[in-house]
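What follows is structure.txt (compact mmCIF, C-alpha atoms).
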```txt
# COMPACT_ATOMS: atom_id res chain seq x y z
CA MET A 155 81.87 78.50 77.39
CA ARG A 156 81.96 76.75 80.73
CA ASN A 157 84.64 79.15 81.93
CA TRP A 158 82.54 82.14 80.91
CA LYS A 159 79.69 80.76 82.95
CA LEU A 160 82.03 80.42 85.94
CA ILE A 161 82.74 84.12 85.68
CA THR A 162 79.15 85.28 85.29
CA MET A 163 77.34 82.91 87.65
CA PRO A 164 78.54 84.67 90.82
CA PHE A 165 77.08 87.97 89.61
CA ASP A 166 73.59 86.81 90.42
CA LYS A 167 72.66 83.16 90.91
CA GLU A 168 75.77 82.25 92.91
CA ASN A 169 76.55 85.67 94.35
CA PRO A 170 79.05 85.29 97.20
CA ILE A 171 77.35 87.87 99.40
CA THR A 172 73.63 87.57 98.73
CA VAL A 173 73.43 83.84 97.97
CA GLN A 174 76.42 82.21 99.63
CA VAL A 175 76.32 84.85 102.41
CA LEU A 176 80.12 85.05 102.65
CA GLY A 177 82.30 88.10 103.19
CA ILE A 178 79.57 90.00 105.00
CA CYS A 179 81.98 91.46 107.57
CA SER A 180 84.10 93.42 105.13
CA CYS A 181 81.06 94.52 103.15
CA LEU A 182 79.79 96.28 106.29
CA ALA A 183 83.13 97.91 106.99
CA VAL A 184 84.27 99.38 103.67
CA THR A 185 81.03 100.57 102.09
CA ALA A 186 80.42 103.84 103.95
CA GLN A 187 82.01 105.48 100.90
CA LEU A 188 82.26 104.44 97.28
CA LYS A 189 86.00 104.76 96.69
CA PRO A 190 87.20 102.28 99.33
CA ALA A 191 84.43 99.94 98.20
CA LEU A 192 85.71 100.08 94.62
CA VAL A 193 89.35 99.49 95.50
CA MET A 194 88.40 96.73 97.92
CA ALA A 195 86.41 95.06 95.14
CA VAL A 196 89.42 95.15 92.82
CA SER A 197 91.85 93.94 95.50
CA VAL A 198 89.64 91.03 96.52
CA THR A 199 89.16 90.05 92.88
CA VAL A 200 92.92 89.99 92.31
CA VAL A 201 93.55 87.98 95.47
CA VAL A 202 90.77 85.41 94.92
CA ALA A 203 91.71 84.94 91.28
CA LEU A 204 95.42 84.43 91.96
CA ALA A 205 94.88 82.33 95.08
CA ASN A 206 92.47 80.11 93.18
CA LEU A 207 94.99 79.74 90.36
CA ILE A 208 97.95 78.95 92.62
CA ILE A 209 96.07 76.53 94.86
CA SER A 210 94.63 74.81 91.82
CA ILE A 211 98.12 74.30 90.37
CA MET A 212 99.33 72.94 93.72
CA ARG A 213 96.18 70.98 94.50
CA LYS A 214 97.53 67.48 93.82
CA SER A 215 100.56 67.98 96.02
CA ILE A 216 98.75 69.49 99.01
CA PRO A 217 98.31 67.01 101.87
CA PRO A 218 94.60 67.20 102.84
CA ARG A 219 95.35 67.36 106.56
CA ILE A 220 97.24 70.63 106.30
CA ARG A 221 95.35 72.13 103.35
CA ILE A 222 93.79 75.00 105.32
CA ILE A 223 97.19 76.12 106.55
CA VAL A 224 98.64 75.86 103.05
CA GLN A 225 95.75 77.94 101.71
CA LEU A 226 96.24 80.53 104.43
CA VAL A 227 99.94 80.87 103.67
CA VAL A 228 99.25 81.36 99.96
CA VAL A 229 96.44 83.86 100.61
CA SER A 230 98.36 85.90 103.15
CA THR A 231 101.43 86.02 100.91
CA LEU A 232 99.25 87.37 98.09
CA VAL A 233 97.56 89.91 100.33
CA VAL A 234 100.86 91.24 101.64
CA LEU A 235 102.08 91.47 98.05
CA VAL A 236 98.98 93.42 97.02
CA ASP A 237 99.49 95.71 100.00
CA LEU A 238 103.14 96.32 99.09
CA PHE A 239 102.26 97.08 95.47
CA LEU A 240 99.47 99.44 96.47
CA LYS A 241 101.86 101.30 98.78
CA ALA A 242 104.53 101.59 96.12
CA PHE A 243 102.43 102.48 93.09
CA VAL A 244 99.08 103.89 94.23
CA TYR A 245 99.93 105.26 97.62
CA ASP A 246 96.75 107.34 97.99
CA VAL A 247 94.52 104.36 97.41
CA SER A 248 96.46 102.19 99.79
CA LYS A 249 95.90 104.81 102.47
CA GLN A 250 92.17 104.80 101.80
CA LEU A 251 92.00 101.08 102.39
CA SER A 252 94.43 100.97 105.31
CA VAL A 253 93.48 98.07 107.57
CA PHE A 254 90.99 96.51 105.19
CA VAL A 255 93.64 95.17 102.82
CA GLY A 256 95.00 92.98 105.60
CA LEU A 257 91.48 91.82 106.33
CA ILE A 258 91.20 90.27 102.87
CA ILE A 259 93.10 87.32 104.37
CA THR A 260 90.15 86.57 106.62
CA ASN A 261 87.56 87.19 103.91
CA CYS A 262 85.45 84.04 103.86
CA ILE A 263 85.00 84.27 100.09
CA VAL A 264 88.70 83.63 99.51
CA MET A 265 88.91 80.56 101.72
CA GLY A 266 85.46 79.46 100.60
CA ARG A 267 86.40 79.43 96.91
CA LEU A 268 89.71 77.69 97.57
CA GLU A 269 88.00 74.92 99.53
CA ALA A 270 84.95 74.59 97.34
CA PHE A 271 86.48 75.04 93.92
CA ALA A 272 90.24 75.34 93.49
CA MET A 273 91.07 72.20 95.47
CA THR A 274 89.17 70.03 92.99
CA ASN A 275 89.36 71.86 89.66
CA PRO A 276 92.06 72.58 87.04
CA PRO A 277 93.83 75.98 86.94
CA LEU A 278 91.92 77.76 84.17
CA PRO A 279 88.39 77.17 85.49
CA SER A 280 89.69 78.03 88.97
CA LEU A 281 91.04 81.35 87.73
CA CYS A 282 87.66 82.12 86.13
CA ASP A 283 85.81 81.10 89.24
CA GLY A 284 88.04 83.43 91.29
CA ILE A 285 87.51 86.38 88.95
CA GLY A 286 83.76 85.76 88.91
CA ASN A 287 83.42 85.58 92.66
CA GLY A 288 85.61 88.61 93.18
CA LEU A 289 83.45 90.61 90.78
CA GLY A 290 80.23 89.25 92.25
CA TYR A 291 81.41 90.47 95.63
CA GLY A 292 82.46 93.75 94.01
CA ILE A 293 79.03 94.43 92.49
CA ILE A 294 77.34 94.27 95.87
CA LEU A 295 80.08 96.37 97.47
CA VAL A 296 79.78 99.08 94.84
CA ALA A 297 75.97 99.07 95.10
CA LEU A 298 76.14 99.47 98.87
CA GLY A 299 78.88 102.08 98.66
CA THR A 300 76.89 104.15 96.18
CA VAL A 301 73.68 104.14 98.21
CA ARG A 302 75.39 104.71 101.54
CA GLU A 303 77.65 107.53 100.39
CA LEU A 304 74.92 109.26 98.40
CA PHE A 305 72.28 109.23 101.12
CA GLY A 306 74.62 109.22 104.12
CA SER A 307 77.06 111.95 103.14
CA GLY A 308 75.39 113.46 100.06
CA THR A 309 78.48 112.80 97.94
CA LEU A 310 79.70 110.29 95.35
CA LEU A 311 83.44 109.57 95.22
CA GLY A 312 83.75 112.78 97.23
CA TYR A 313 81.79 114.88 94.70
CA PRO A 314 79.00 116.80 96.49
CA VAL A 315 76.03 115.56 94.45
CA MET A 316 73.27 116.58 96.84
CA GLU A 317 74.70 120.06 97.28
CA LYS A 318 75.01 120.56 93.50
CA ILE A 319 71.41 119.60 92.77
CA GLY A 320 70.29 121.93 95.54
CA ALA A 321 68.67 119.26 97.70
CA TYR A 322 69.66 120.97 100.95
CA ASN A 323 67.87 124.16 99.97
CA ILE A 324 64.52 122.41 99.88
CA GLY A 325 64.98 120.88 103.31
CA TYR A 326 66.74 117.62 102.47
CA GLU A 327 69.06 116.21 105.12
CA ASN A 328 71.68 113.46 105.03
CA ASN A 329 70.65 110.25 106.72
CA GLY A 330 73.14 109.58 109.51
CA LEU A 331 72.03 105.97 109.81
CA MET A 332 73.34 105.29 106.30
CA ILE A 333 76.97 105.63 107.34
CA MET A 334 76.54 103.36 110.35
CA PRO A 335 77.54 99.70 109.74
CA PRO A 336 74.06 98.27 110.61
CA MET A 337 72.62 100.06 107.59
CA ALA A 338 74.87 98.01 105.31
CA LEU A 339 73.33 94.88 106.77
CA ILE A 340 69.81 96.21 106.23
CA LEU A 341 70.67 97.12 102.64
CA VAL A 342 72.16 93.68 101.99
CA GLY A 343 68.94 92.24 103.40
CA LEU A 344 66.92 94.34 100.97
CA ILE A 345 69.06 93.25 98.02
CA ILE A 346 68.63 89.59 99.03
CA TRP A 347 64.87 90.12 99.31
CA LEU A 348 64.73 91.73 95.89
CA GLN A 349 66.82 88.97 94.35
CA ARG A 350 64.78 86.13 95.86
CA SER A 351 61.39 87.67 95.09
CA ARG A 352 62.39 88.17 91.47
CA LYS A 353 63.26 84.51 91.11
CA GLY A 354 60.16 83.39 93.03
CA MET B 295 92.44 59.77 98.74
CA LYS B 296 96.19 59.77 98.42
CA GLN B 297 98.02 59.29 101.70
CA PHE B 298 100.82 61.65 102.65
CA SER B 299 103.48 60.80 105.20
CA ASN B 300 104.18 63.10 108.15
CA ARG B 301 107.64 63.66 106.79
CA TYR B 302 106.20 64.87 103.48
CA MET B 303 103.81 67.22 105.23
CA LEU B 304 106.55 68.69 107.37
CA LEU B 305 108.89 69.24 104.44
CA TYR B 306 106.02 70.55 102.32
CA SER B 307 105.07 73.21 104.85
CA LEU B 308 108.70 74.17 105.42
CA ALA B 309 109.29 74.59 101.70
CA LEU B 310 106.07 76.56 101.27
CA VAL B 311 106.89 78.97 104.08
CA ALA B 312 110.45 79.40 102.81
CA VAL B 313 109.25 80.25 99.29
CA SER B 314 106.68 82.67 100.66
CA ALA B 315 109.28 84.34 102.89
CA VAL B 316 111.73 84.79 100.02
CA VAL B 317 109.07 86.21 97.68
CA LEU B 318 107.86 88.66 100.30
CA SER B 319 111.27 89.86 101.46
CA VAL B 320 112.51 90.37 97.91
CA THR B 321 109.39 92.36 97.01
CA ALA B 322 109.46 94.37 100.20
CA VAL B 323 113.12 95.31 99.81
CA THR B 324 112.70 96.17 96.12
CA LEU B 325 109.66 98.35 96.68
CA LYS B 326 110.87 99.99 99.90
CA PRO B 327 112.59 103.01 98.29
CA ARG B 328 109.44 103.78 96.29
CA GLU B 329 107.26 103.55 99.35
CA ASP B 330 109.60 105.73 101.42
CA LEU B 331 109.66 108.34 98.67
CA ASN B 332 105.86 108.29 98.53
CA ARG B 333 105.70 108.78 102.27
CA GLN B 334 108.18 111.62 102.23
CA ILE B 335 106.41 113.41 99.40
CA GLU B 336 103.09 112.92 101.12
CA GLN B 337 104.44 114.50 104.30
CA GLN B 338 105.84 117.44 102.34
CA GLN B 339 102.52 117.83 100.54
CA MET B 340 100.69 117.94 103.86
CA ILE B 341 103.04 120.55 105.27
CA LEU B 342 102.75 122.72 102.15
CA LYS B 343 98.98 122.43 102.27
CA THR B 344 98.84 124.13 105.67
CA ILE B 345 100.20 127.32 104.13
CA GLY B 346 97.78 127.09 101.22
CA LEU B 347 100.04 125.53 98.61
CA ASP B 348 98.41 122.62 96.84
CA CYS B 349 101.25 120.98 94.94
CA ALA B 350 101.21 118.10 92.48
CA LYS B 351 103.41 115.19 93.37
CA SER B 352 106.17 116.16 90.94
CA GLU B 353 106.45 119.79 92.07
CA THR B 354 106.35 119.05 95.77
CA PRO B 355 110.07 118.62 96.55
CA GLN B 356 111.04 121.96 94.92
CA ALA B 357 108.24 123.92 96.55
CA TYR B 358 109.08 122.36 99.89
CA GLU B 359 112.72 123.30 99.49
CA ARG B 360 111.78 126.89 98.70
CA HIS B 361 109.27 127.62 101.44
CA ILE B 362 109.90 125.29 104.35
CA ALA B 363 112.83 125.02 106.74
CA GLU B 364 113.12 122.30 109.31
CA ALA B 365 113.97 123.34 112.85
CA GLU B 366 114.45 121.52 116.09
CA HIS B 367 113.46 122.23 119.65
CA ASN B 368 114.30 119.91 122.54
CA GLY B 369 114.85 117.10 120.07
CA LYS B 370 111.44 117.61 118.46
CA THR B 371 111.21 118.66 114.84
CA TYR B 372 109.02 121.55 113.80
CA TYR B 373 108.98 123.69 110.65
CA ARG B 374 109.34 127.33 109.73
CA TYR B 375 107.61 128.65 106.64
CA ASP B 376 108.35 131.66 104.55
CA CYS B 377 106.01 132.25 101.64
CA ASP B 378 104.74 135.47 100.03
CA GLU B 379 105.80 137.70 102.93
CA ARG B 380 104.09 135.39 105.41
CA GLN B 381 106.22 133.80 108.05
CA GLY B 382 105.55 131.57 110.99
CA ILE B 383 105.92 128.08 112.26
CA ILE B 384 104.27 124.83 111.39
CA LEU B 385 103.59 122.61 114.35
CA PRO B 386 103.59 118.86 113.80
CA LEU B 387 100.97 116.96 115.83
CA HIS B 388 100.93 113.29 116.75
CA GLY B 389 98.27 111.36 118.62
CA THR B 390 96.05 108.32 118.76
CA GLY B 391 92.57 107.99 117.33
CA LEU B 392 90.21 105.08 117.80
CA TRP B 393 92.02 102.44 115.72
CA GLY B 394 95.53 103.76 115.38
CA PRO B 395 97.77 106.78 115.03
CA ILE B 396 96.49 110.14 113.83
CA TRP B 397 98.64 113.13 112.96
CA GLY B 398 98.51 116.57 111.50
CA TYR B 399 100.21 119.91 110.92
CA LEU B 400 99.10 123.31 112.08
CA ALA B 401 100.50 126.45 110.46
CA LEU B 402 100.52 129.42 112.85
CA ASP B 403 101.28 133.07 112.21
CA GLY B 404 103.34 135.24 114.57
CA ASN B 405 100.45 135.64 117.01
CA GLY B 406 99.54 131.97 117.17
CA LYS B 407 96.57 132.32 114.86
CA VAL B 408 95.94 129.27 112.70
CA VAL B 409 96.69 129.94 109.04
CA GLY B 410 95.99 126.43 107.87
CA ALA B 411 95.66 122.90 109.14
CA VAL B 412 95.79 119.41 107.79
CA PHE B 413 95.10 116.08 109.45
CA ASP B 414 95.48 112.46 108.55
CA HIS B 415 95.10 109.04 110.08
CA LYS B 416 96.23 105.47 109.72
CA GLY B 417 92.97 103.60 110.04
CA GLU B 418 90.04 105.60 111.39
CA THR B 419 86.61 104.51 110.16
CA PRO B 420 85.89 105.98 106.71
CA GLY B 421 82.95 108.37 106.86
CA LEU B 422 83.21 108.76 110.64
CA GLY B 423 86.56 109.38 112.36
CA GLY B 424 88.19 109.24 108.94
CA GLU B 425 86.58 112.61 108.19
CA ILE B 426 89.45 114.36 109.98
CA ALA B 427 91.48 113.89 106.79
CA THR B 428 89.04 116.01 104.77
CA ASP B 429 89.57 119.64 103.82
CA LYS B 430 86.16 120.41 105.26
CA PHE B 431 87.37 119.42 108.71
CA ALA B 432 90.74 121.15 108.37
CA GLN B 433 89.04 124.38 107.27
CA ARG B 434 87.28 124.59 110.64
CA PHE B 435 90.62 125.41 112.24
CA VAL B 436 91.49 128.37 110.07
CA GLY B 437 91.23 131.61 112.05
CA LYS B 438 91.21 129.82 115.40
CA SER B 439 94.07 130.44 117.80
CA MET B 440 96.71 128.55 119.75
CA GLY B 441 97.76 131.81 121.43
CA GLU B 442 96.67 131.40 125.04
CA HIS B 443 94.99 128.04 125.16
CA PRO B 444 94.99 124.84 123.08
CA ILE B 445 92.18 124.50 120.55
CA TYR B 446 89.72 121.75 121.45
CA LEU B 447 86.95 119.87 119.70
CA THR B 448 83.43 120.09 121.06
CA LYS B 449 79.80 119.65 120.11
CA ASN B 450 78.08 122.80 118.76
CA ALA B 451 81.28 124.85 118.88
CA ASP B 452 80.87 128.60 119.27
CA LYS B 453 81.95 130.24 116.01
CA ASP B 454 83.34 133.29 117.82
CA ASN B 455 85.34 131.33 120.35
CA PRO B 456 88.90 131.09 118.98
CA TYR B 457 89.60 127.89 120.92
CA GLN B 458 86.57 125.81 119.94
CA VAL B 459 86.18 123.69 116.82
CA ASP B 460 83.23 121.50 115.87
CA ALA B 461 83.86 117.82 116.60
CA ILE B 462 82.86 115.00 114.22
CA SER B 463 79.51 113.36 114.84
CA GLY B 464 79.95 109.61 115.05
CA GLY B 465 83.68 110.11 115.50
CA THR B 466 83.87 110.97 119.18
CA MET B 467 86.90 108.81 119.96
CA THR B 468 88.82 110.25 117.03
CA SER B 469 87.76 113.78 117.98
CA ASN B 470 89.01 113.21 121.52
CA GLY B 471 92.30 112.03 120.05
CA VAL B 472 92.56 115.24 118.03
CA THR B 473 91.89 117.34 121.14
CA GLN B 474 94.59 115.53 123.07
CA MET B 475 97.02 115.90 120.19
CA LEU B 476 96.31 119.65 120.12
CA GLU B 477 96.98 119.91 123.85
CA GLU B 478 100.38 118.29 123.43
CA GLY B 479 101.08 120.45 120.40
CA TYR B 480 100.18 123.52 122.43
CA ASP B 481 102.73 122.59 125.11
CA ASP B 482 105.44 122.28 122.47
CA TYR B 483 104.39 125.54 120.88
CA LYS B 484 104.47 127.37 124.22
CA LYS B 485 108.00 126.17 124.88
CA ILE B 486 109.20 127.10 121.41
CA ARG B 487 107.75 130.58 121.88
CA GLU B 488 109.17 131.05 125.38
CA ASP B 489 112.64 130.12 124.19
CA ALA B 490 112.34 132.41 121.20
CA THR B 491 111.51 135.45 123.33
CA ARG B 492 114.08 134.71 126.01
```
Go ahead and express the file in the form of structure tokens.
Amino acid sequence: MRNWKLITMPFDKENPITVQVLGICSCLAVTAQLKPALVMAVSVTVVVALANLIISIMRKSIPPRIRIIVQLVVVSTLVVLVDLFLKAFVYDVSKQLSVFVGLIITNCIVMGRLEAFAMTNPPLPSLCDGIGNGLGYGIILVALGTVRELFGSGTLLGYPVMEKIGAYNIGYENNGLMIMPPMALILVGLIIWLQRSRKG
Amino acid sequence: MKQFSNRYMLLYSLALVAVSAVVLSVTAVTLKPREDLNRQIEQQQMILKTIGLDCAKSETPQAYERHIAEAEHNGKTYYRYDCDERQGIILPLHGTGLWGPIWGYLALDGNGKVVGAVFDHKGETPGLGGEIATDKFAQRFVGKSMGEHPIYLTKNADKDNPYQVDAISGGTMTSNGVTQMLEEGYDDYKKIREDATR
């Protein structure tokens, strides 16, 4: 029960992006289109979950003074592994993500969860916490990716939605600002606003 | 809080790094052949695409074997195609975009007219410079010419000008990279042609 809560809390009340305001950098960079946003969400979830699990297993043996370095080594090892697997098994997707996979290492959510949760909690709850936070991050990424690709390029996952429904014929135009990184920030701001106002 | 000696910390970090290194090298070496094969097939797919053949991953090596021949000029590789009575050369292009390498292939007929093009990149911004990898962008090259002058990217390109292609809005640096890459490709192409007619 408690573990289930650890998974679902980050979707809304403890959302890494809109509440903890972590991982903003990558959410600006990969959300111009939906597909990279999706794969990034999955990759981050895998990395946070496994890093949380491993660090949690090791937590009693890690000397506090070098814990950040230890965490970094574990995280970067996992990220390189993910990158290698993507290249070997889903080559197309790995090309879509290119530099962003490497940037997972510096994603504040990963380090944040390791410091805040995995260092002081047993393996199973840590794994759940990692999955939850990865998915919480993913939800926002997918939401941004959908809005930005649809209104910025008129497509979804590359499928020309706007063209198919005939929007261009009645004078509709794509919004160039949507594909610029600042728009992601504005959209995140709007989501935060919505979320806070709903809770009052 | 438990106290750890310096000696423990040193050994701990050494052990950790050693384990990580072993895990990574073993994985990298095991997966390398798969990755190389993926890369090779991808390259063949790109080359076939320039002459209008869209092959699935499994059919690619046979189709490549049948239609494409590799050739060399001054130590640089280029390709000759022969498919449905159409013959010509495929020019490989290499350059730099905004964030990293970009590359492409340009299939030309006997007169230097572009039959098909395909571009790709390592890490251009998705939605901006990354658009060079789309079919939409590659289609802009079809019918243009490398005959007398390299093709270049520009704003509001003239449809009737065989050397102008529309650049990507928001992807100026990448577009400039493509133009430069085409210039270099043109030089190679000119030399290949001169030697062929000599």
A:Ala297, A:Ile216, A:Val201, A:Cys262 ranked by distance to chain B, top pick (using all atoms listed in the file):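 Smallest separation from chain B among the options: A:Ile216.
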Close residues, Ala411 (chain B) itself excluded, 6 Å, only C-alpha atoms, min 3 positions apart in chain, as a PyMOL selection string: chain B and resi 344+399-400+432
Export, as a PDB file, keeping the file's coordinate frame, the selected residues with C-alpha atoms.
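The resulting file, part_34.pdb, is shown below:
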```pdb
ATOM      1  CA  THR B 344      98.840 124.130 105.670  1.00  0.00           C
ATOM      2  CA  TYR B 399     100.210 119.910 110.920  1.00  0.00           C
ATOM      3  CA  LEU B 400      99.100 123.310 112.080  1.00  0.00           C
ATOM      4  CA  ALA B 432      90.740 121.150 108.370  1.00  0.00           C
TER       5      ALA B 432
END
```
Closest atom pairs, chain B residues within 6 Å of chain A, all atoms listed in the file, as CSV:
```
residue,atom,partner,partner_atom,distance
B:Phe298,CA,A:Pro217,CA,6.0
B:Arg328,CA,A:Ala242,CA,5.4
B:Glu329,CA,A:Ala242,CA,4.7
B:Gly417,CA,A:Ser252,CA,5.6
B:Gly421,CA,A:Ala186,CA,5.9
```
Interatomic distance (Å, one decimal) between CA of Val175 (chain A) and CA of Val247 (chain A):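 Distance reported for this atom pair: 27.1 Å.
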Can you pull out every residue within 8 Å of region 385-389 of chain B, counting all atoms listed in the file, but drop anything in the same chain fewer than 4 positions away, and send it as a PDB file with C-alpha atoms, keeping the file's coordinate frame?
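That gives us part_14.pdb:
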```pdb
ATOM      1  CA  THR B 371     111.210 118.660 114.840  1.00  0.00           C
ATOM      2  CA  TYR B 372     109.020 121.550 113.800  1.00  0.00           C
ATOM      3  CA  TYR B 373     108.980 123.690 110.650  1.00  0.00           C
ATOM      4  CA  PRO B 395      97.770 106.780 115.030  1.00  0.00           C
ATOM      5  CA  ILE B 396      96.490 110.140 113.830  1.00  0.00           C
ATOM      6  CA  TRP B 397      98.640 113.130 112.960  1.00  0.00           C
ATOM      7  CA  GLY B 398      98.510 116.570 111.500  1.00  0.00           C
ATOM      8  CA  TYR B 399     100.210 119.910 110.920  1.00  0.00           C
ATOM      9  CA  LEU B 400      99.100 123.310 112.080  1.00  0.00           C
ATOM     10  CA  ALA B 401     100.500 126.450 110.460  1.00  0.00           C
ATOM     11  CA  LEU B 402     100.520 129.420 112.850  1.00  0.00           C
ATOM     12  CA  GLY B 471      92.300 112.030 120.050  1.00  0.00           C
ATOM     13  CA  VAL B 472      92.560 115.240 118.030  1.00  0.00           C
ATOM     14  CA  GLN B 474      94.590 115.530 123.070  1.00  0.00           C
ATOM     15  CA  MET B 475      97.020 115.900 120.190  1.00  0.00           C
ATOM     16  CA  LEU B 476      96.310 119.650 120.120  1.00  0.00           C
ATOM     17  CA  GLU B 478     100.380 118.290 123.430  1.00  0.00           C
ATOM     18  CA  GLY B 479     101.080 120.450 120.400  1.00  0.00           C
ATOM     19  CA  TYR B 483     104.390 125.540 120.880  1.00  0.00           C
TER      20      TYR B 483
END
```
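Our summary of the geometry notes that CA of Ser210 (chain A) is positioned 6.4 Å from CA of Asn275 (chain A).
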Sel. within 7 Å of pt (92.6, 131.1, 110.9), counting all atoms listed in the file, output as a list in words: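 Protein and nucleic acid residues near the point are Lys407, Val408, Val409, Gly410, Phe435, Val436, Gly437 and Lys438 of chain B.
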Prev. selection, C-alpha atoms, output as a short mmCIF file (atom, residue, chain, number, x, y, z; two decimals), in the coordinates of the input:
```
data_model
loop_
_atom_site.label_atom_id
_atom_site.label_comp_id
_atom_site.auth_asym_id
_atom_site.auth_seq_id
_atom_site.Cartn_x
_atom_site.Cartn_y
_atom_site.Cartn_z
CA LYS B 407 96.57 132.32 114.86
CA VAL B 408 95.94 129.27 112.70
CA VAL B 409 96.69 129.94 109.04
CA GLY B 410 95.99 126.43 107.87
CA PHE B 435 90.62 125.41 112.24
CA VAL B 436 91.49 128.37 110.07
CA GLY B 437 91.23 131.61 112.05
CA LYS B 438 91.21 129.82 115.40
#
```
Proximity to Lys416 (chain B) - best of B:Gln334, B:Gln433, B:Gln458, B:Thr468, all atoms listed in the file: B:Thr468
Give, as JSON, the centre coordinates and the x, y and z edge lengths in Å to one decimal for an axis-aligned box around all listed atoms of region 408-427 of chain B, padded by 3 Å on each side.
```
{"center_x": 89.8, "center_y": 116.8, "center_z": 109.7, "size_x": 19.7, "size_y": 32.3, "size_z": 12.0}
```
Option closest in space to Leu289 (chain A), from A:Met316, A:Val173, A:Ile258, A:Val202 [counting only C-alpha atoms]: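 Of the candidates, the smallest distance to Leu289 (chain A) is held by A:Val202.
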One-decimal distance in Å that lies between CA of Pro170 (chain A) and CA of Gly290 (chain A):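 Computed distance, CA of Gly290 (chain A) to CA of Pro170 (chain A), equals 6.4 Å.
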For Ala272 (chain A): contacts at 10 Å, all atoms listed in the file, fewer than 2 positions along chain excluded, given as a PyMOL selection string: chain A and resi 203+205-213+265-270+274-281+283-284
Non-local contacts of Tyr375 (chain B) (9 Å; all atoms listed in the file; under 5 positions in same chain excluded) as a list of chain:residue names: B:Leu342, B:Ile345, B:His361, B:Ile362, B:Ala363, B:Glu364, B:Arg380, B:Gln381, B:Gly382, B:Ile383, B:Ile384, B:Ala401
Contact residues around Gln349 (chain A) with all atoms listed in the file at 9 Å, ignoring same-chain residues under 6 positions, as a ChimeraX atom specification: /A:166-167,172
Produce a file of the selected residues containing C-alpha atoms, as an mmCIF file, in the coordinates of the input.
```
data_model
loop_
_atom_site.group_PDB
_atom_site.id
_atom_site.type_symbol
_atom_site.label_atom_id
_atom_site.label_comp_id
_atom_site.auth_asym_id
_atom_site.auth_seq_id
_atom_site.Cartn_x
_atom_site.Cartn_y
_atom_site.Cartn_z
ATOM 1 C CA ASP A 166 73.590 86.810 90.420
ATOM 2 C CA LYS A 167 72.660 83.160 90.910
ATOM 3 C CA THR A 172 73.630 87.570 98.730
#
```
Radius query 12 Å about (102.3, 126.0, 94.9), atoms used: only C-alpha atoms, as a list of chain:residue names: B:Gln338, B:Gln339, B:Ile341, B:Leu342, B:Lys343, B:Thr344, B:Ile345, B:Gly346, B:Leu347, B:Asp348, B:Cys349, B:Ala350, B:Lys351, B:Ser352, B:Glu353, B:Thr354, B:Pro355, B:Gln356, B:Ala357, B:Tyr358, B:Glu359, B:Arg360, B:His361, B:Cys377, B:Asp378
For region 223-234 of chain A, supply N, CA and C atoms and format the output as a PDB file, in the frame of the given file.
```pdb
ATOM      1  N   ILE A 223      95.987  75.335 106.266  1.00  0.00           N
ATOM      2  CA  ILE A 223      97.190  76.120 106.550  1.00  0.00           C
ATOM      3  C   ILE A 223      97.888  76.526 105.258  1.00  0.00           C
ATOM      4  N   VAL A 224      97.992  75.557 104.335  1.00  0.00           N
ATOM      5  CA  VAL A 224      98.640  75.860 103.050  1.00  0.00           C
ATOM      6  C   VAL A 224      97.887  76.985 102.349  1.00  0.00           C
ATOM      7  N   GLN A 225      96.557  76.899 102.344  1.00  0.00           N
ATOM      8  CA  GLN A 225      95.750  77.940 101.710  1.00  0.00           C
ATOM      9  C   GLN A 225      95.992  79.298 102.371  1.00  0.00           C
ATOM     10  N   LEU A 226      96.030  79.267 103.706  1.00  0.00           N
ATOM     11  CA  LEU A 226      96.240  80.530 104.430  1.00  0.00           C
ATOM     12  C   LEU A 226      97.579  81.158 104.074  1.00  0.00           C
ATOM     13  N   VAL A 227      98.624  80.328 103.996  1.00  0.00           N
ATOM     14  CA  VAL A 227      99.940  80.870 103.670  1.00  0.00           C
ATOM     15  C   VAL A 227      99.915  81.512 102.287  1.00  0.00           C
ATOM     16  N   VAL A 228      99.310  80.809 101.321  1.00  0.00           N
ATOM     17  CA  VAL A 228      99.250  81.360  99.960  1.00  0.00           C
ATOM     18  C   VAL A 228      98.452  82.672  99.954  1.00  0.00           C
ATOM     19  N   VAL A 229      97.282  82.670 100.610  1.00  0.00           N
ATOM     20  CA  VAL A 229      96.440  83.860 100.610  1.00  0.00           C
ATOM     21  C   VAL A 229      97.143  85.032 101.293  1.00  0.00           C
ATOM     22  N   SER A 230      97.749  84.766 102.459  1.00  0.00           N
ATOM     23  CA  SER A 230      98.360  85.900 103.150  1.00  0.00           C
ATOM     24  C   SER A 230      99.554  86.440 102.382  1.00  0.00           C
ATOM     25  N   THR A 231     100.318  85.541 101.732  1.00  0.00           N
ATOM     26  CA  THR A 231     101.430  86.020 100.910  1.00  0.00           C
ATOM     27  C   THR A 231     100.900  86.963  99.825  1.00  0.00           C
ATOM     28  N   LEU A 232      99.823  86.540  99.154  1.00  0.00           N
ATOM     29  CA  LEU A 232      99.250  87.370  98.090  1.00  0.00           C
ATOM     30  C   LEU A 232      98.765  88.708  98.627  1.00  0.00           C
ATOM     31  N   VAL A 233      98.100  88.668  99.780  1.00  0.00           N
ATOM     32  CA  VAL A 233      97.560  89.910 100.330  1.00  0.00           C
ATOM     33  C   VAL A 233      98.674  90.878 100.690  1.00  0.00           C
ATOM     34  N   VAL A 234      99.737  90.353 101.302  1.00  0.00           N
ATOM     35  CA  VAL A 234     100.860  91.240 101.640  1.00  0.00           C
ATOM     36  C   VAL A 234     101.477  91.813 100.367  1.00  0.00           C
TER      37      VAL A 234
END
```
